[in-house]
$ cat protein02.cif   # mmCIF, C-alpha atoms
data_structure
#
loop_
_atom_site.label_atom_id
_atom_site.label_comp_id
_atom_site.auth_asym_id
_atom_site.auth_seq_id
_atom_site.Cartn_x
_atom_site.Cartn_y
_atom_site.Cartn_z
CA MET A 946 115.19 76.82 108.92
CA THR A 947 117.34 77.46 111.97
CA GLN A 948 118.51 74.70 114.27
CA PHE A 949 116.21 76.01 116.96
CA SER A 950 113.27 75.65 114.61
CA ILE A 951 114.23 72.04 113.94
CA PHE A 952 114.45 71.25 117.63
CA ALA A 953 111.16 73.03 118.29
CA VAL A 954 109.43 70.91 115.64
CA LEU A 955 110.99 67.74 117.05
CA LEU A 956 109.86 68.75 120.51
CA ILE A 957 106.27 69.24 119.32
CA VAL A 958 106.36 65.84 117.61
CA VAL A 959 107.65 64.11 120.73
CA VAL A 960 105.14 65.80 123.01
CA SER A 961 102.32 65.13 120.56
CA ALA A 962 103.32 61.47 120.32
CA PHE A 963 103.08 61.24 124.09
CA ILE A 964 99.80 63.12 124.57
CA LEU A 965 97.68 62.31 121.54
CA PRO A 966 97.44 58.49 121.41
CA PRO A 967 95.70 58.12 124.82
CA LEU A 968 93.31 60.92 123.94
CA TRP A 969 92.63 59.56 120.48
CA LEU A 970 91.90 56.11 121.86
CA GLY A 971 89.73 57.54 124.62
CA LEU A 972 92.10 56.90 127.54
CA ARG A 973 91.54 59.64 130.10
CA SER A 974 93.92 58.69 132.86
CA THR A 975 96.68 56.15 133.51
CA SER A 976 98.90 55.24 136.38
CA LYS A 977 100.58 58.42 137.53
CA ALA A 978 103.76 56.60 138.45
CA ASP A 979 104.04 55.09 134.96
CA ARG A 980 103.27 58.42 133.39
CA LYS A 981 105.96 60.20 135.37
CA GLU A 982 108.50 57.55 134.51
CA ALA A 983 107.72 57.80 130.81
CA ASN A 984 107.94 61.60 130.88
CA LEU A 985 111.23 61.55 132.72
CA ALA A 986 112.67 59.06 130.23
CA ILE A 987 111.65 61.28 127.32
CA PHE A 988 113.04 64.33 129.06
CA ARG A 989 116.40 62.64 129.68
CA ASP A 990 116.67 61.45 126.08
CA GLN A 991 115.82 64.85 124.61
CA LEU A 992 118.09 66.71 127.02
CA ALA A 993 120.93 64.33 126.21
CA GLU A 994 120.37 64.95 122.48
CA LEU A 995 120.37 68.72 122.98
CA SER A 996 123.55 68.53 125.07
CA ARG A 997 125.23 66.43 122.40
CA GLU A 998 124.34 68.91 119.69
CA LYS A 999 125.60 71.77 121.84
CA ALA A 1000 128.89 69.96 122.57
CA GLU A 1001 129.41 69.32 118.84
CA GLY A 1002 128.95 73.01 118.17
CA SER A 1003 125.93 72.58 115.92
CA LEU A 1004 123.60 74.20 118.48
CA ALA A 1005 124.22 77.71 119.82
CA GLU A 1006 124.10 78.36 123.56
CA ALA A 1007 121.04 80.61 123.26
CA ASP A 1008 119.16 78.04 121.17
CA PHE A 1009 120.13 75.28 123.62
CA GLU A 1010 118.79 77.22 126.60
CA GLN A 1011 115.59 78.08 124.72
CA ALA A 1012 114.97 74.46 123.68
CA ARG A 1013 115.79 73.10 127.13
CA GLY A 1014 113.48 75.60 128.81
CA GLU A 1015 110.65 74.70 126.44
CA LEU A 1016 111.21 70.97 127.10
CA GLN A 1017 111.16 71.49 130.87
CA ARG A 1018 108.01 73.56 130.66
CA ARG A 1019 106.22 70.93 128.61
CA LEU A 1020 107.32 68.23 131.04
CA LEU A 1021 106.08 70.14 134.07
CA GLU A 1022 102.73 70.69 132.42
CA GLU A 1023 102.29 66.96 131.83
CA VAL A 1024 103.66 65.61 135.13
CA GLU A 1025 101.37 66.57 138.04
CA PRO A 1026 102.24 65.91 141.68
CA ASP A 1027 100.55 62.87 143.23
CA ALA A 1028 97.43 63.88 145.08
CA ALA A 1029 96.33 60.50 146.40
CA GLY A 1030 99.70 58.79 146.76
CA GLY A 1031 98.80 55.75 144.64
CA PRO A 1032 98.03 54.72 141.09
CA ALA A 1033 94.71 55.76 139.67
CA PRO A 1034 92.64 53.30 137.70
CA ALA A 1035 92.50 53.81 133.97
CA THR A 1036 89.21 55.06 132.65
CA TYR A 1037 88.05 55.51 129.09
CA GLY A 1038 85.89 57.99 127.26
CA PRO A 1039 85.52 59.86 123.97
CA SER A 1040 88.51 62.30 123.70
CA ARG A 1041 89.23 62.56 119.98
CA LYS A 1042 88.01 66.16 119.83
CA THR A 1043 90.55 67.05 122.51
CA ALA A 1044 93.28 65.24 120.58
CA ILE A 1045 92.48 67.11 117.38
CA ALA A 1046 92.37 70.44 119.24
CA ILE A 1047 95.77 69.82 120.79
CA LEU A 1048 97.23 68.71 117.46
CA LEU A 1049 96.08 71.94 115.82
CA LEU A 1050 96.73 74.36 118.65
CA LEU A 1051 100.11 73.14 119.91
CA PRO A 1052 102.25 74.55 117.06
CA ILE A 1053 100.08 77.67 116.76
CA LEU A 1054 100.31 78.50 120.45
CA GLY A 1055 104.03 77.74 120.42
CA LEU A 1056 104.68 80.17 117.58
CA LEU A 1057 102.36 82.77 119.10
CA GLY A 1058 104.11 82.56 122.44
CA TYR A 1059 107.51 82.82 120.83
CA GLY A 1060 106.35 85.80 118.77
CA ILE A 1061 105.30 87.60 121.97
CA LEU A 1062 108.07 86.57 124.34
CA GLY A 1063 110.93 85.64 122.07
CA ASN A 1064 112.71 87.03 119.06
CA PRO A 1065 110.81 86.16 115.84
CA LYS A 1066 113.71 87.39 113.72
CA ALA A 1067 115.79 84.52 115.09
CA LEU A 1068 113.63 82.17 113.01
CA ASP A 1069 114.56 84.00 109.82
CA PRO A 1070 117.84 82.67 108.37
CA VAL A 1071 118.33 85.96 106.55
CA GLN A 1072 118.31 87.79 109.89
CA THR A 1073 120.54 85.32 111.72
CA ALA A 1074 123.06 84.60 108.96
CA ALA A 1075 126.47 86.19 109.42
CA PRO A 1076 126.78 89.26 107.16
CA GLN A 1077 129.02 88.77 104.18
CA GLU A 1078 132.10 90.93 103.90
CA MET A 1079 131.37 93.55 101.26
CA THR A 1080 134.52 93.99 99.21
CA PRO A 1081 134.77 96.42 96.27
CA GLU A 1082 134.73 93.40 93.95
CA LYS A 1083 131.55 92.08 95.57
CA ILE A 1084 129.85 95.47 95.31
CA ASN A 1085 130.84 95.83 91.66
CA GLU A 1086 129.51 92.34 90.97
CA MET A 1087 126.15 93.19 92.59
CA VAL A 1088 125.84 96.46 90.67
CA THR A 1089 126.68 94.73 87.39
CA SER A 1090 124.09 92.06 88.13
CA LEU A 1091 121.46 94.73 88.82
CA ALA A 1092 122.27 96.52 85.57
CA GLU A 1093 121.84 93.27 83.62
CA LYS A 1094 118.47 92.57 85.26
CA LEU A 1095 117.24 96.06 84.40
CA LYS A 1096 118.02 95.50 80.74
CA ALA A 1097 115.44 92.72 80.81
CA ASN A 1098 113.01 94.78 82.91
CA PRO A 1099 113.44 98.44 81.90
CA ASP A 1100 110.18 99.54 83.55
CA ASN A 1101 111.53 98.83 87.04
CA MET A 1102 111.77 102.41 88.31
CA PRO A 1103 112.95 101.55 91.87
CA GLY A 1104 115.64 99.39 90.29
CA TRP A 1105 116.93 102.25 88.13
CA LEU A 1106 117.03 104.57 91.16
CA MET A 1107 118.96 101.99 93.13
CA LEU A 1108 121.40 101.59 90.25
CA ALA A 1109 121.76 105.37 89.94
CA ARG A 1110 122.57 105.76 93.65
CA SER A 1111 125.03 102.86 93.44
CA TYR A 1112 126.85 104.35 90.47
CA LYS A 1113 126.95 107.73 92.20
CA SER A 1114 128.46 106.31 95.37
CA MET A 1115 131.08 104.53 93.24
CA GLY A 1116 131.99 107.78 91.47
CA ARG A 1117 130.66 106.53 88.12
CA TYR A 1118 128.73 109.75 87.52
CA ASP A 1119 128.03 109.43 83.78
CA GLU A 1120 126.43 106.02 84.30
CA ALA A 1121 124.56 107.36 87.32
CA VAL A 1122 123.08 110.17 85.21
CA GLU A 1123 121.90 107.64 82.62
CA ALA A 1124 120.25 105.53 85.31
CA PHE A 1125 118.56 108.57 86.86
CA ALA A 1126 117.25 109.54 83.42
CA LYS A 1127 115.55 106.13 83.10
CA ALA A 1128 113.57 106.83 86.29
CA GLU A 1129 113.02 110.57 85.88
CA SER A 1130 109.29 110.22 85.25
CA ALA A 1131 108.92 108.46 88.61
CA ILE A 1132 110.66 111.12 90.73
CA ASN A 1133 108.83 114.31 89.71
CA ASP A 1134 107.35 114.63 93.21
CA ASP A 1135 110.41 113.47 95.16
CA PRO A 1136 112.69 116.39 96.07
CA ASP A 1137 115.33 114.07 97.53
CA GLN A 1138 115.75 112.19 94.26
CA LEU A 1139 115.50 115.33 92.13
CA ALA A 1140 118.26 117.03 94.13
CA SER A 1141 120.44 113.91 93.99
CA TYR A 1142 119.91 113.71 90.23
CA ALA A 1143 120.87 117.37 89.81
CA GLU A 1144 123.98 116.97 91.95
CA THR A 1145 125.03 113.92 89.92
CA ILE A 1146 124.71 115.85 86.65
CA ALA A 1147 126.90 118.63 88.06
CA MET A 1148 129.52 116.09 89.14
CA ALA A 1149 129.43 114.34 85.78
CA ASN A 1150 129.90 117.42 83.58
CA GLY A 1151 132.31 119.23 85.88
CA LYS A 1152 130.80 122.57 84.83
CA GLY A 1153 128.80 123.37 87.93
CA ILE A 1154 125.05 123.49 88.40
CA THR A 1155 123.59 124.64 85.10
CA ASP A 1156 120.83 123.87 82.59
CA LYS A 1157 119.26 120.48 83.33
CA ALA A 1158 120.56 120.32 86.89
CA LEU A 1159 119.16 123.77 87.66
CA LYS A 1160 115.74 122.83 86.30
CA LEU A 1161 115.68 119.73 88.50
CA ILE A 1162 116.50 121.85 91.56
CA GLU A 1163 113.74 124.33 90.73
CA ARG A 1164 111.29 121.43 90.36
CA ALA A 1165 112.34 120.07 93.76
CA LEU A 1166 111.81 123.46 95.44
CA LYS A 1167 108.33 123.69 93.94
CA VAL A 1168 107.50 120.43 95.69
CA ASP A 1169 109.17 121.49 98.95
CA PRO A 1170 110.35 125.13 99.21
CA LYS A 1171 112.28 124.30 102.41
CA HIS A 1172 114.06 121.22 101.10
CA GLY A 1173 117.57 121.50 102.53
CA HIS A 1174 119.59 119.77 99.81
CA SER A 1175 117.82 121.70 97.07
CA LEU A 1176 118.28 125.04 98.88
CA PHE A 1177 121.99 124.33 99.20
CA LEU A 1178 122.38 123.46 95.52
CA ALA A 1179 120.27 126.44 94.43
CA GLY A 1180 122.37 128.80 96.54
CA ALA A 1181 125.56 127.33 95.13
CA ALA A 1182 124.24 127.73 91.58
CA ALA A 1183 123.29 131.36 92.23
CA MET A 1184 126.69 132.04 93.78
CA GLU A 1185 128.43 130.54 90.71
CA ALA A 1186 126.28 132.67 88.43
CA GLY A 1187 127.14 135.83 90.40
CA ASP A 1188 123.53 136.33 91.54
CA ASN A 1189 124.42 137.11 95.15
CA LYS A 1190 120.98 138.33 96.14
CA LYS A 1191 119.35 135.06 95.09
CA GLY A 1192 122.14 133.04 96.65
CA ILE A 1193 121.63 134.76 100.01
CA ALA A 1194 117.88 134.20 99.73
CA TYR A 1195 118.48 130.47 99.36
CA TRP A 1196 121.17 130.02 102.03
CA GLU A 1197 119.93 132.20 104.87
CA PRO A 1198 116.76 130.08 105.44
CA LEU A 1199 118.99 127.01 105.27
CA LEU A 1200 120.88 128.16 108.37
CA GLU A 1201 117.80 127.32 110.44
CA GLN A 1202 118.08 123.68 109.39
CA VAL A 1203 121.75 123.05 110.24
CA GLU A 1204 123.44 122.61 113.59
CA PRO A 1205 124.97 125.88 114.82
CA GLY A 1206 128.76 125.75 114.80
CA SER A 1207 128.90 122.72 112.51
CA ASP A 1208 131.09 122.61 109.40
CA ILE A 1209 128.13 123.21 107.10
CA ASP A 1210 126.98 126.10 109.29
CA ARG A 1211 130.39 127.78 109.08
CA MET A 1212 130.59 127.18 105.33
CA LEU A 1213 127.15 128.68 104.73
CA ARG A 1214 127.88 131.74 106.86
CA SER A 1215 131.21 132.28 105.12
CA GLY A 1216 129.50 132.05 101.70
CA ILE A 1217 126.71 134.43 102.77
CA ASP A 1218 129.26 136.96 104.05
CA LYS A 1219 131.15 136.82 100.77
CA MET A 1220 127.96 137.29 98.76
CA LYS A 1221 126.92 140.20 100.94
CA ALA A 1222 130.32 141.76 100.40
CA GLY A 1223 129.86 141.27 96.68
CA LYS A 1224 132.83 138.98 96.34
#
$ encode --input "protein02.cif" --output "structure tokens"
Amino acid sequence: MTQFSIFAVLLIVVVSAFILPPLWLGLRSTSKADRKEANLAIFRDQLAELSREKAEGSLAEADFEQARGELQRRLLEEVEPDAAGGPAPATYGPSRKTAIAILLLLPILGLLGYGILGNPKALDPVQTAAPQEMTPEKINEMVTSLAEKLKANPDNMPGWLMLARSYKSMGRYDEAVEAFAKAESAINDDPDQLASYAETIAMANGKGITDKALKLIERALKVDPKHGHSLFLAGAAAMEAGDNKKGIAYWEPLLEQVEPGSDIDRMLRSGIDKMKAGK
């Protein structure tokens, strides 16, 4: 729980302690002068506590301003300007329903208002925590941990795909191929994963796009005939095999999907020209 959350809860407790007892006991109104004095005393104490926490560095500036604004708003709602200029006599009546309603609604309305006007992510320590520095050692430790967890839960297809992508990004292609193979049954209709799997196999064997990799690419193009990554790999495979006609058929439609003048655009055009020239 963030420090702001703690102060918000404390604020609700303080305000509830001030409002609820008179209502619960049936007191409807008290001396306005006494009421103002009590509210001001509470306000000063809470503001002093917030200022102390801010000075000690345990409360961020944004959280301090948010808590102080909420405290001031609550105070203004409870302290009304004198209308008659003198103390009003205390009267009594049944107000327990009102007390219960306030007790239930105060935190709900507070959270609802913050969700609309504030930043709900600020209440999540995962969102507000400073990101850890990701060193190669830290990454390797996380990947190793994931691999160990998957040994105990081999049916976790998303986990195997995550491990495969991690190994691939680390250049550990043989291990990436093994991880992809574990999840192959779950990616039959996913051209992105099929193309990535095929590319990883080609990188692992160092022999180009052949056999298993080529079948994966063909499967991806059946799912999406315009899939860019698969068209690129298919064209490269055809070019390696000397099938220039097929290579051109794959790469020319791909030109429509890349930015004109970009590196990939120039590379594709150069390859298409070479295939057309029969080189």
$ resolve_selection --input "protein02.cif" --expression "the PyMOL selection byres ((chain A and resi 1139) around 9)" --output "list in words"
Glu1129, Ile1132, Asn1133, Asp1134, Asp1135, Pro1136, Asp1137, Gln1138, Ala1140, Ser1141, Tyr1142, Ala1143, Glu1144, Ala1158, Leu1161, Ile1162, Arg1164, Ala1165 and Ser1175 of chain A
$ residues_around --input "protein02.cif" --residues "range 1111-1115 of chain A" --least-positions-apart "4" --cutoff "8 Å" --atoms "only C-alpha atoms" --output "tab-separated table (two decimals) with C-alpha atoms, in the frame of the given file"
chain	number	residue	atom	x	y	z
A	1088	VAL	CA	125.84	96.46	90.67
A	1107	MET	CA	118.96	101.99	93.13
A	1120	GLU	CA	126.43	106.02	84.30
A	1121	ALA	CA	124.56	107.36	87.32
A	1145	THR	CA	125.03	113.92	89.92
$ residues_around --input "protein02.cif" --residues "Phe1125 in chain A" --least-positions-apart "2" --cutoff "8 Å" --atoms "all atoms listed in the file" --output "PyMOL selection string"
chain A and resi 1105-1106+1109+1121-1123+1127-1129+1142
$ residues_around --input "protein02.cif" --residues "Gly1180 in chain A" --least-positions-apart "3" --cutoff "8 Å" --atoms "all atoms listed in the file" --output "PDB file with C-alpha atoms, in the frame of the given file"
ATOM      1  CA  LEU A1176     118.280 125.040  98.880  1.00  0.00           C
ATOM      2  CA  PHE A1177     121.990 124.330  99.200  1.00  0.00           C
ATOM      3  CA  ALA A1183     123.290 131.360  92.230  1.00  0.00           C
ATOM      4  CA  MET A1184     126.690 132.040  93.780  1.00  0.00           C
ATOM      5  CA  LYS A1191     119.350 135.060  95.090  1.00  0.00           C
ATOM      6  CA  GLY A1192     122.140 133.040  96.650  1.00  0.00           C
ATOM      7  CA  ILE A1193     121.630 134.760 100.010  1.00  0.00           C
ATOM      8  CA  ALA A1194     117.880 134.200  99.730  1.00  0.00           C
ATOM      9  CA  TYR A1195     118.480 130.470  99.360  1.00  0.00           C
ATOM     10  CA  TRP A1196     121.170 130.020 102.030  1.00  0.00           C
TER      11      TRP A1196
END
$ atom_distance --input "protein02.cif" --atom1 "CA of Arg1211 in chain A" --atom2 "CA of Gly1173 in chain A"
15.7 Å
$ axis_aligned_box --input "protein02.cif" --around "range 1205-1208 of chain A" --padding-each-side "6 Å" --output "JSON"
{"center_x": 128.0, "center_y": 124.2, "center_z": 112.1, "size_x": 18.1, "size_y": 15.3, "size_z": 17.4}
$ closest_residue --input "protein02.cif" --among "A:His1174, A:Asp990, A:Gly1223, A:Ser1130" --to "Leu1199 in chain A" --atoms "only C-alpha atoms"
A:His1174
$ atom_distance --input "protein02.cif" --atom1 "CA of Ala1124 in chain A" --atom2 "CA of Pro1170 in chain A"
26.0 Å
$ atom_distance --input "protein02.cif" --atom1 "CA of Asp1218 in chain A" --atom2 "CA of Gly1187 in chain A"
13.9 Å
$ resolve_selection --input "protein02.cif" --expression "the PyMOL selection byres ((chain A and resi 1149) around 8)" --output "list in words"
Tyr1118, Asp1119, Val1122, Thr1145, Ile1146, Ala1147, Met1148, Asn1150 and Gly1151 of chain A
$ closest_residue --input "protein02.cif" --among "A:Glu1015, A:Ala1131, A:Lys1219, A:Glu1204" --to "Asp1100 in chain A" --atoms "only C-alpha atoms"
A:Ala1131
$ closest_residue --input "protein02.cif" --among "A:Leu1178, A:Glu1197, A:Ser1215, A:Glu1010" --to "Glu1163 in chain A" --atoms "only C-alpha atoms"
A:Leu1178
